[in-house]
$ cat data_16.pdb   # PDB, C-alpha atoms, pLDDT in the B column
ATOM      1  CA  MET A   1      10.905  15.437  15.624  1.00 39.00           C
ATOM      2  CA  ARG A   2       9.878  18.233  13.291  1.00 39.00           C
ATOM      3  CA  ARG A   3       6.575  17.630  11.511  1.00 39.00           C
ATOM      4  CA  ARG A   4       6.543  18.344   7.838  1.00 42.00           C
ATOM      5  CA  SER A   5       3.480  19.705   6.152  1.00 42.00           C
ATOM      6  CA  TYR A   6       1.812  18.186   3.125  1.00 42.00           C
ATOM      7  CA  SER A   7       2.966  21.170   1.101  1.00 39.00           C
ATOM      8  CA  HIS A   8       6.547  20.248   1.963  1.00 40.00           C
ATOM      9  CA  PHE A   9       6.042  16.824   0.384  1.00 43.00           C
ATOM     10  CA  ALA A  10       3.910  18.066  -2.486  1.00 43.00           C
ATOM     11  CA  ASN A  11       6.236  20.852  -3.513  1.00 36.00           C
ATOM     12  CA  LYS A  12       9.545  19.069  -3.178  1.00 38.00           C
ATOM     13  CA  MET A  13      10.942  15.892  -4.591  1.00 44.00           C
ATOM     14  CA  ILE A  14      11.723  13.239  -2.027  1.00 43.00           C
ATOM     15  CA  ALA A  15      15.180  11.788  -2.493  1.00 42.00           C
ATOM     16  CA  CYS A  16      15.622   8.124  -1.747  1.00 44.00           C
ATOM     17  CA  GLN A  17      19.333   8.370  -1.047  1.00 41.00           C
ATOM     18  CA  GLU A  18      20.167   4.661  -0.815  1.00 43.00           C
ATOM     19  CA  MET A  19      19.452   4.043  -4.478  1.00 49.00           C
ATOM     20  CA  ALA A  20      19.800   7.571  -5.849  1.00 65.00           C
ATOM     21  CA  LEU A  21      16.116   7.664  -6.805  1.00 77.00           C
ATOM     22  CA  THR A  22      14.175  10.880  -6.851  1.00 86.00           C
ATOM     23  CA  LEU A  23      10.565  10.270  -5.878  1.00 92.00           C
ATOM     24  CA  ASN A  24       7.598  12.527  -6.439  1.00 95.00           C
ATOM     25  CA  ILE A  25       4.564  11.677  -4.306  1.00 97.00           C
ATOM     26  CA  ARG A  26       1.426  13.336  -5.584  1.00 97.00           C
ATOM     27  CA  PRO A  27      -2.350  12.923  -5.325  1.00 96.00           C
ATOM     28  CA  PHE A  28      -3.924  10.241  -7.496  1.00 96.00           C
ATOM     29  CA  GLU A  29      -5.673  11.513 -10.628  1.00 95.00           C
ATOM     30  CA  ALA A  30      -8.408   9.615 -12.481  1.00 94.00           C
ATOM     31  CA  SER A  31      -6.116   9.306 -15.515  1.00 96.00           C
ATOM     32  CA  ASP A  32      -3.676   7.304 -13.325  1.00 97.00           C
ATOM     33  CA  LEU A  33      -6.095   4.406 -12.846  1.00 97.00           C
ATOM     34  CA  PRO A  34      -4.937   2.209 -15.777  1.00 97.00           C
ATOM     35  CA  ALA A  35      -1.272   2.495 -14.753  1.00 97.00           C
ATOM     36  CA  VAL A  36      -2.094   1.945 -11.075  1.00 97.00           C
ATOM     37  CA  GLN A  37      -4.179  -1.122 -11.943  1.00 97.00           C
ATOM     38  CA  GLN A  38      -1.297  -2.550 -14.008  1.00 97.00           C
ATOM     39  CA  LEU A  39       1.087  -1.872 -11.139  1.00 97.00           C
ATOM     40  CA  ARG A  40      -1.291  -3.526  -8.648  1.00 97.00           C
ATOM     41  CA  GLN A  41      -1.639  -6.589 -10.853  1.00 97.00           C
ATOM     42  CA  ALA A  42       2.130  -6.944 -11.304  1.00 97.00           C
ATOM     43  CA  ALA A  43       2.807  -6.488  -7.586  1.00 96.00           C
ATOM     44  CA  PHE A  44       0.123  -8.902  -6.390  1.00 96.00           C
ATOM     45  CA  LYS A  45       0.539 -11.641  -9.012  1.00 96.00           C
ATOM     46  CA  PRO A  46       3.210 -13.471  -6.975  1.00 95.00           C
ATOM     47  CA  ILE A  47       1.144 -13.026  -3.818  1.00 95.00           C
ATOM     48  CA  PHE A  48      -1.923 -14.632  -5.373  1.00 96.00           C
ATOM     49  CA  GLN A  49       0.292 -17.445  -6.702  1.00 95.00           C
ATOM     50  CA  SER A  50       1.667 -17.910  -3.188  1.00 95.00           C
ATOM     51  CA  PHE A  51      -1.872 -18.193  -1.855  1.00 95.00           C
ATOM     52  CA  ARG A  52      -2.577 -20.865  -4.482  1.00 95.00           C
ATOM     53  CA  ASP A  53       0.573 -22.751  -3.494  1.00 96.00           C
ATOM     54  CA  ILE A  54      -0.243 -22.547   0.230  1.00 95.00           C
ATOM     55  CA  VAL A  55      -3.898 -23.596   0.178  1.00 96.00           C
ATOM     56  CA  GLY A  56      -3.821 -25.850  -2.883  1.00 96.00           C
ATOM     57  CA  GLU A  57      -5.722 -25.708  -6.135  1.00 96.00           C
ATOM     58  CA  GLN A  58      -9.045 -26.992  -4.818  1.00 97.00           C
ATOM     59  CA  ILE A  59      -9.381 -24.475  -1.977  1.00 97.00           C
ATOM     60  CA  TYR A  60      -7.998 -21.691  -4.154  1.00 96.00           C
ATOM     61  CA  SER A  61     -10.606 -22.398  -6.840  1.00 96.00           C
ATOM     62  CA  ILE A  62     -13.403 -22.084  -4.274  1.00 96.00           C
ATOM     63  CA  ALA A  63     -12.228 -19.310  -1.978  1.00 95.00           C
ATOM     64  CA  LEU A  64      -9.603 -17.222  -3.771  1.00 95.00           C
ATOM     65  CA  VAL A  65      -9.933 -17.625  -7.528  1.00 95.00           C
ATOM     66  CA  LYS A  66     -11.416 -14.128  -7.921  1.00 96.00           C
ATOM     67  CA  SER A  67      -8.806 -12.408  -5.740  1.00 95.00           C
ATOM     68  CA  ASP A  68      -7.302 -10.390  -8.599  1.00 95.00           C
ATOM     69  CA  SER A  69     -10.618  -9.150 -10.015  1.00 96.00           C
ATOM     70  CA  GLU A  70     -11.993  -8.397  -6.541  1.00 97.00           C
ATOM     71  CA  GLN A  71      -8.877  -6.440  -5.686  1.00 96.00           C
ATOM     72  CA  ALA A  72      -9.115  -4.529  -8.985  1.00 97.00           C
ATOM     73  CA  GLU A  73     -12.688  -3.559  -8.077  1.00 97.00           C
ATOM     74  CA  LEU A  74     -11.567  -2.581  -4.568  1.00 95.00           C
ATOM     75  CA  LEU A  75      -8.843  -0.317  -5.963  1.00 96.00           C
ATOM     76  CA  GLU A  76     -11.264   1.347  -8.358  1.00 95.00           C
ATOM     77  CA  SER A  77     -13.739   1.866  -5.513  1.00 94.00           C
ATOM     78  CA  ILE A  78     -11.068   3.346  -3.239  1.00 94.00           C
ATOM     79  CA  CYS A  79      -9.910   5.706  -5.972  1.00 93.00           C
ATOM     80  CA  LYS A  80     -13.478   6.910  -6.562  1.00 89.00           C
ATOM     81  CA  SER A  81     -14.540   7.227  -2.912  1.00 81.00           C
ATOM     82  CA  ARG A  82     -12.458  10.171  -1.830  1.00 72.00           C
ATOM     83  CA  PRO A  83     -13.050  10.991   0.968  1.00 77.00           C
ATOM     84  CA  PRO A  84     -12.882   8.901   3.150  1.00 80.00           C
ATOM     85  CA  HIS A  85      -9.963   7.414   1.197  1.00 90.00           C
ATOM     86  CA  GLN A  86      -6.913   9.344   0.138  1.00 95.00           C
ATOM     87  CA  VAL A  87      -4.796   7.909  -2.655  1.00 97.00           C
ATOM     88  CA  PHE A  88      -1.329   9.032  -3.690  1.00 97.00           C
ATOM     89  CA  VAL A  89       0.996   7.801  -6.402  1.00 97.00           C
ATOM     90  CA  VAL A  90       4.771   7.681  -6.338  1.00 97.00           C
ATOM     91  CA  GLU A  91       6.537   8.703  -9.506  1.00 96.00           C
ATOM     92  CA  VAL A  92      10.107   7.867 -10.459  1.00 94.00           C
ATOM     93  CA  ASN A  93      11.163   9.665 -13.635  1.00 89.00           C
ATOM     94  CA  GLU A  94       7.468  10.234 -14.453  1.00 86.00           C
ATOM     95  CA  ASP A  95       6.711   6.478 -14.188  1.00 92.00           C
ATOM     96  CA  ILE A  96       4.225   5.453 -11.526  1.00 96.00           C
ATOM     97  CA  ALA A  97       6.318   3.188  -9.304  1.00 97.00           C
ATOM     98  CA  GLY A  98       3.902   2.824  -6.391  1.00 97.00           C
ATOM     99  CA  PHE A  99       0.669   3.913  -4.788  1.00 98.00           C
ATOM    100  CA  VAL A 100      -0.696   4.134  -1.276  1.00 98.00           C
ATOM    101  CA  SER A 101      -4.228   4.579   0.005  1.00 97.00           C
ATOM    102  CA  PHE A 102      -5.245   5.499   3.509  1.00 97.00           C
ATOM    103  CA  SER A 103      -8.291   6.595   5.443  1.00 96.00           C
ATOM    104  CA  LEU A 104      -8.821   8.737   8.514  1.00 96.00           C
ATOM    105  CA  ASN A 105     -11.187   8.030  11.393  1.00 95.00           C
ATOM    106  CA  HIS A 106     -11.527  11.428  13.053  1.00 95.00           C
ATOM    107  CA  GLU A 107     -13.696  10.083  15.892  1.00 96.00           C
ATOM    108  CA  LYS A 108     -11.039   7.555  16.971  1.00 97.00           C
ATOM    109  CA  ARG A 109      -8.167   9.730  15.698  1.00 97.00           C
ATOM    110  CA  LEU A 110      -6.880   6.694  13.840  1.00 97.00           C
ATOM    111  CA  GLY A 111      -5.381   6.536  10.356  1.00 97.00           C
ATOM    112  CA  GLU A 112      -5.276   3.283   8.412  1.00 97.00           C
ATOM    113  CA  ILE A 113      -3.055   2.491   5.462  1.00 98.00           C
ATOM    114  CA  GLY A 114      -5.054   0.483   2.980  1.00 96.00           C
ATOM    115  CA  LEU A 115      -4.332  -1.013  -0.406  1.00 97.00           C
ATOM    116  CA  ASN A 116      -0.848  -0.111  -1.591  1.00 97.00           C
ATOM    117  CA  ALA A 117       1.917  -1.524  -3.742  1.00 97.00           C
ATOM    118  CA  VAL A 118       5.284  -0.877  -5.303  1.00 96.00           C
ATOM    119  CA  HIS A 119       5.926  -2.127  -8.840  1.00 96.00           C
ATOM    120  CA  PRO A 120       8.250  -5.172  -8.791  1.00 95.00           C
ATOM    121  CA  ASN A 121      10.741  -3.287 -10.999  1.00 94.00           C
ATOM    122  CA  TYR A 122      11.206  -0.808  -8.133  1.00 94.00           C
ATOM    123  CA  ALA A 123      11.018  -3.238  -5.206  1.00 92.00           C
ATOM    124  CA  GLY A 124      13.696  -3.159  -2.527  1.00 89.00           C
ATOM    125  CA  ARG A 125      14.645   0.478  -3.062  1.00 92.00           C
ATOM    126  CA  GLY A 126      12.927   2.031  -0.066  1.00 91.00           C
ATOM    127  CA  ILE A 127       9.910   3.324  -1.989  1.00 94.00           C
ATOM    128  CA  GLY A 128       7.391   1.493   0.216  1.00 93.00           C
ATOM    129  CA  THR A 129       8.915   2.931   3.364  1.00 91.00           C
ATOM    130  CA  LYS A 130       8.826   6.449   1.897  1.00 93.00           C
ATOM    131  CA  MET A 131       5.147   5.967   0.930  1.00 95.00           C
ATOM    132  CA  TYR A 132       4.256   4.902   4.471  1.00 95.00           C
ATOM    133  CA  GLU A 133       6.209   7.774   6.021  1.00 95.00           C
ATOM    134  CA  PHE A 134       4.367  10.156   3.702  1.00 97.00           C
ATOM    135  CA  ALA A 135       0.973   8.670   4.620  1.00 97.00           C
ATOM    136  CA  MET A 136       1.751   8.872   8.334  1.00 97.00           C
ATOM    137  CA  ALA A 137       2.825  12.516   8.005  1.00 97.00           C
ATOM    138  CA  ARG A 138      -0.532  13.259   6.380  1.00 96.00           C
ATOM    139  CA  MET A 139      -2.284  11.413   9.195  1.00 97.00           C
ATOM    140  CA  GLN A 140      -0.424  13.465  11.828  1.00 97.00           C
ATOM    141  CA  GLU A 141      -1.302  16.704  10.037  1.00 96.00           C
ATOM    142  CA  SER A 142      -4.954  15.630  10.191  1.00 96.00           C
ATOM    143  CA  GLY A 143      -4.803  15.102  13.953  1.00 97.00           C
ATOM    144  CA  MET A 144      -4.539  11.326  14.024  1.00 97.00           C
ATOM    145  CA  LEU A 145      -2.839   9.792  17.063  1.00 97.00           C
ATOM    146  CA  LEU A 146      -2.342   6.267  15.754  1.00 97.00           C
ATOM    147  CA  ALA A 147      -1.604   4.662  12.384  1.00 97.00           C
ATOM    148  CA  THR A 148      -2.474   1.072  11.531  1.00 97.00           C
ATOM    149  CA  VAL A 149      -1.868  -1.255   8.614  1.00 96.00           C
ATOM    150  CA  GLY A 150      -2.807  -4.857   7.919  1.00 94.00           C
ATOM    151  CA  THR A 151      -0.796  -7.311   5.849  1.00 92.00           C
ATOM    152  CA  GLY A 152      -0.393 -11.014   5.252  1.00 90.00           C
ATOM    153  CA  GLY A 153       1.705 -13.253   7.459  1.00 89.00           C
ATOM    154  CA  ASP A 154       2.675 -15.571   4.608  1.00 89.00           C
ATOM    155  CA  PRO A 155       6.132 -15.583   2.956  1.00 90.00           C
ATOM    156  CA  SER A 156       4.927 -13.541  -0.031  1.00 91.00           C
ATOM    157  CA  HIS A 157       4.186 -10.591   2.269  1.00 91.00           C
ATOM    158  CA  ALA A 158       7.629 -10.606   3.939  1.00 91.00           C
ATOM    159  CA  ALA A 159       8.823  -7.559   1.979  1.00 89.00           C
ATOM    160  CA  ALA A 160       5.712  -5.597   2.962  1.00 91.00           C
ATOM    161  CA  ARG A 161       6.181  -6.510   6.624  1.00 91.00           C
ATOM    162  CA  ARG A 162       9.831  -5.363   6.445  1.00 90.00           C
ATOM    163  CA  ALA A 163       8.817  -2.043   4.882  1.00 90.00           C
ATOM    164  CA  TYR A 164       6.129  -1.460   7.523  1.00 93.00           C
ATOM    165  CA  ARG A 165       8.570  -2.223  10.317  1.00 92.00           C
ATOM    166  CA  LYS A 166      11.187   0.014   8.702  1.00 92.00           C
ATOM    167  CA  ALA A 167       8.601   2.811   8.711  1.00 92.00           C
ATOM    168  CA  GLY A 168       8.127   2.241  12.443  1.00 93.00           C
ATOM    169  CA  PHE A 169       5.061  -0.017  12.633  1.00 95.00           C
ATOM    170  CA  GLY A 170       4.782  -2.486  15.497  1.00 91.00           C
ATOM    171  CA  PRO A 171       3.615  -4.163  17.692  1.00 91.00           C
ATOM    172  CA  ALA A 172       1.586  -6.612  15.618  1.00 88.00           C
ATOM    173  CA  LEU A 173      -1.421  -8.800  16.365  1.00 90.00           C
ATOM    174  CA  PRO A 174      -1.153 -12.034  14.362  1.00 86.00           C
ATOM    175  CA  SER A 175      -4.147 -13.211  12.371  1.00 86.00           C
ATOM    176  CA  VAL A 176      -4.711 -16.537  10.641  1.00 88.00           C
ATOM    177  CA  PHE A 177      -7.227 -17.698   8.014  1.00 88.00           C
ATOM    178  CA  LEU A 178      -7.959 -21.406   8.134  1.00 93.00           C
ATOM    179  CA  TYR A 179      -9.699 -23.457   5.430  1.00 94.00           C
ATOM    180  CA  LYS A 180     -11.533 -26.797   5.533  1.00 94.00           C
ATOM    181  CA  LEU A 181     -12.982 -28.547   2.511  1.00 95.00           C
ATOM    182  CA  LEU A 182     -16.460 -29.899   3.186  1.00 96.00           C
TER     183      LEU A 182
END
$ encode --input "data_16.pdb" --output "structure tokens"
Amino acid sequence: MRRRSYSHFANKMIACQEMALTLNIRPFEASDLPAVQQLRQAAFKPIFQSFRDIVGEQIYSIALVKSDSEQAELLESICKSRPPHQVFVVEVNEDIAGFVSFSLNHEKRLGEIGLNAVHPNYAGRGIGTKMYEFAMARMQESGMLLATVGTGGDPSHAAARRAYRKAGFGPALPSVFLYKLL
């Protein structure tokens, strides 16, 4: 398989043929933060609601009630801490339709996809898969030998798991969080 350089992706539009979308993946800029935060909030709202439905109101109010604000702070931190994090946005007709963050561990030669999302208005069009392929190409160019990503095992993360698998991720180690009211 021919490796493509970052300049290939940066200088050319990436066509998402299935839905006739033309994607532009470019480095995050500080002025993107408000739009990326709005996108993150829209994409994760149903996930946080799913968490509430799964664990119940009482556990949610103790353990997860600040999930949105904590994730907003995490995104801001990731966007400001480059390196080790790299953040890219995906544009469709100049609208930010998605973002992906990843980090590189040069000692282990391991790249990890971190916080990422596709706006619900663009979901199911292959944008997530293209973001992950882009991130993995960057990892390869940086000498990484392995890419990892973590995601939820609950129903609200099913689309993310499909996109990761479509991009070639697997095998997976399951992980479970258990709660007990005291």
$ closest_residue --input "data_16.pdb" --among "A:Arg109, A:Arg82, A:Arg40, A:Lys66" --to "A:Thr148" --atoms "all atoms listed in the file"
A:Arg109
$ closest_residue --input "data_16.pdb" --among "A:Leu64, A:Ala163, A:Ile47, A:Ile113" --to "A:Phe88" --atoms "all atoms listed in the file"
A:Ile113
$ closest_residue --input "data_16.pdb" --among "A:Thr129, A:Phe102, A:Ala35, A:Pro46" --to "A:Gln86" --atoms "all atoms listed in the file"
A:Phe102
$ resolve_selection --input "data_16.pdb" --expression "the PyMOL selection byres ((chain A and resi 112) around 9)" --output "JSON, numbers by chain"
{"A": [101, 102, 103, 104, 105, 110, 111, 113, 114, 136, 139, 146, 147, 148, 149, 150]}
$ atom_distance --input "data_16.pdb" --atom1 "atom CA of A:Ala167" --atom2 "atom CA of A:Phe134"
9.8 Å
$ residues_around --input "data_16.pdb" --residues "A:Ala172" --least-positions-apart "4" --cutoff "12 Å" --atoms "all atoms listed in the file" --output "PDB file with C-alpha atoms, keeping the file's coordinate frame"
ATOM      1  CA  THR A 148      -2.474   1.072  11.531  1.00 97.00           C
ATOM      2  CA  VAL A 149      -1.868  -1.255   8.614  1.00 96.00           C
ATOM      3  CA  GLY A 150      -2.807  -4.857   7.919  1.00 94.00           C
ATOM      4  CA  THR A 151      -0.796  -7.311   5.849  1.00 92.00           C
ATOM      5  CA  GLY A 152      -0.393 -11.014   5.252  1.00 90.00           C
ATOM      6  CA  GLY A 153       1.705 -13.253   7.459  1.00 89.00           C
ATOM      7  CA  ARG A 161       6.181  -6.510   6.624  1.00 91.00           C
ATOM      8  CA  TYR A 164       6.129  -1.460   7.523  1.00 93.00           C
ATOM      9  CA  ARG A 165       8.570  -2.223  10.317  1.00 92.00           C
ATOM     10  CA  GLY A 168       8.127   2.241  12.443  1.00 93.00           C
TER      11      GLY A 168
END
$ resolve_selection --input "data_16.pdb" --expression "the PyMOL selection byres ((chain A and resi 116) around 10)" --output "list in words"
Val36, Leu39, Arg40, Ala43, Leu75, Val87, Phe88, Val89, Gly98, Phe99, Val100, Ser101, Phe102, Ile113, Gly114, Leu115, Ala117, Val118, Gly128, Met131, Tyr132 and Ala160 of chain A
$ closest_residue --input "data_16.pdb" --among "A:Leu182, A:Asp32, A:Arg125, A:Gly170" --to "A:Asp95" --atoms "only C-alpha atoms"
A:Asp32
$ closest_residue --input "data_16.pdb" --among "A:Ile54, A:Ile127, A:Val65, A:Ile59" --to "A:Pro155" --atoms "all atoms listed in the file"
A:Ile54
$ atom_distance --input "data_16.pdb" --atom1 "atom CA of A:Arg138" --atom2 "atom CA of A:Ala30"
20.8 Å
$ atom_distance --input "data_16.pdb" --atom1 "atom CA of A:Gln49" --atom2 "atom CA of A:Ser156"
9.0 Å
$ closest_residue --input "data_16.pdb" --among "A:Glu141, A:Asp53, A:Glu94, A:Asp154" --to "A:Asn24" --atoms "all atoms listed in the file"
A:Glu94
$ residues_around --input "data_16.pdb" --residues "A:Ser31" --least-positions-apart "2" --cutoff "12 Å" --atoms "all atoms listed in the file" --output "list of chain:residue names"
A:Pro27, A:Phe28, A:Glu29, A:Leu33, A:Pro34, A:Ala35, A:Val36, A:Gln37, A:Glu76, A:Cys79, A:Lys80, A:Val89, A:Ile96
$ write_last_selection --input "data_16.pdb" --atoms "C-alpha atoms" --output "PDB file, in the coordinates of the input"
ATOM      1  CA  PRO A  27      -2.350  12.923  -5.325  1.00 96.00           C
ATOM      2  CA  PHE A  28      -3.924  10.241  -7.496  1.00 96.00           C
ATOM      3  CA  GLU A  29      -5.673  11.513 -10.628  1.00 95.00           C
ATOM      4  CA  LEU A  33      -6.095   4.406 -12.846  1.00 97.00           C
ATOM      5  CA  PRO A  34      -4.937   2.209 -15.777  1.00 97.00           C
ATOM      6  CA  ALA A  35      -1.272   2.495 -14.753  1.00 97.00           C
ATOM      7  CA  VAL A  36      -2.094   1.945 -11.075  1.00 97.00           C
ATOM      8  CA  GLN A  37      -4.179  -1.122 -11.943  1.00 97.00           C
ATOM      9  CA  GLU A  76     -11.264   1.347  -8.358  1.00 95.00           C
ATOM     10  CA  CYS A  79      -9.910   5.706  -5.972  1.00 93.00           C
ATOM     11  CA  LYS A  80     -13.478   6.910  -6.562  1.00 89.00           C
ATOM     12  CA  VAL A  89       0.996   7.801  -6.402  1.00 97.00           C
ATOM     13  CA  ILE A  96       4.225   5.453 -11.526  1.00 96.00           C
TER      14      ILE A  96
END
$ build_atoms --input "data_16.pdb" --residues "stretch 146-160 of chain A" --atoms "N, CA and C atoms" --output "mmCIF file, in the frame of the given file"
data_model
loop_
_atom_site.group_PDB
_atom_site.id
_atom_site.type_symbol
_atom_site.label_atom_id
_atom_site.label_comp_id
_atom_site.auth_asym_id
_atom_site.auth_seq_id
_atom_site.Cartn_x
_atom_site.Cartn_y
_atom_site.Cartn_z
ATOM 1 N N LEU A 146 -2.796 7.631 15.966
ATOM 2 C CA LEU A 146 -2.342 6.267 15.754
ATOM 3 C C LEU A 146 -2.506 5.907 14.290
ATOM 4 N N ALA A 147 -1.527 5.185 13.752
ATOM 5 C CA ALA A 147 -1.604 4.662 12.384
ATOM 6 C C ALA A 147 -1.615 3.146 12.449
ATOM 7 N N THR A 148 -2.420 2.527 11.600
ATOM 8 C CA THR A 148 -2.474 1.072 11.531
ATOM 9 C C THR A 148 -2.320 0.629 10.082
ATOM 10 N N VAL A 149 -1.940 -0.640 9.934
ATOM 11 C CA VAL A 149 -1.868 -1.255 8.614
ATOM 12 C C VAL A 149 -2.029 -2.757 8.814
ATOM 13 N N GLY A 150 -2.668 -3.408 7.878
ATOM 14 C CA GLY A 150 -2.807 -4.857 7.919
ATOM 15 C C GLY A 150 -2.087 -5.466 6.733
ATOM 16 N N THR A 151 -1.490 -6.626 6.935
ATOM 17 C CA THR A 151 -0.796 -7.311 5.849
ATOM 18 C C THR A 151 -0.799 -8.806 6.117
ATOM 19 N N GLY A 152 -0.425 -9.566 5.115
ATOM 20 C CA GLY A 152 -0.393 -11.014 5.252
ATOM 21 C C GLY A 152 0.804 -11.492 6.051
ATOM 22 N N GLY A 153 0.625 -12.645 6.696
ATOM 23 C CA GLY A 153 1.705 -13.253 7.459
ATOM 24 C C GLY A 153 2.450 -14.322 6.687
ATOM 25 N N ASP A 154 2.062 -14.535 5.441
ATOM 26 C CA ASP A 154 2.675 -15.571 4.608
ATOM 27 C C ASP A 154 4.003 -15.075 4.034
ATOM 28 N N PRO A 155 4.821 -15.978 3.497
ATOM 29 C CA PRO A 155 6.132 -15.583 2.956
ATOM 30 C C PRO A 155 6.060 -14.517 1.849
ATOM 31 N N SER A 156 4.995 -14.510 1.065
ATOM 32 C CA SER A 156 4.927 -13.541 -0.031
ATOM 33 C C SER A 156 4.719 -12.110 0.458
ATOM 34 N N HIS A 157 4.345 -11.930 1.700
ATOM 35 C CA HIS A 157 4.186 -10.591 2.269
ATOM 36 C C HIS A 157 5.384 -10.159 3.118
ATOM 37 N N ALA A 158 6.464 -10.923 3.108
ATOM 38 C CA ALA A 158 7.629 -10.606 3.939
ATOM 39 C C ALA A 158 8.195 -9.221 3.625
ATOM 40 N N ALA A 159 8.279 -8.872 2.348
ATOM 41 C CA ALA A 159 8.823 -7.559 1.979
ATOM 42 C C ALA A 159 7.941 -6.434 2.508
ATOM 43 N N ALA A 160 6.628 -6.616 2.443
ATOM 44 C CA ALA A 160 5.712 -5.597 2.962
ATOM 45 C C ALA A 160 5.892 -5.455 4.477
#
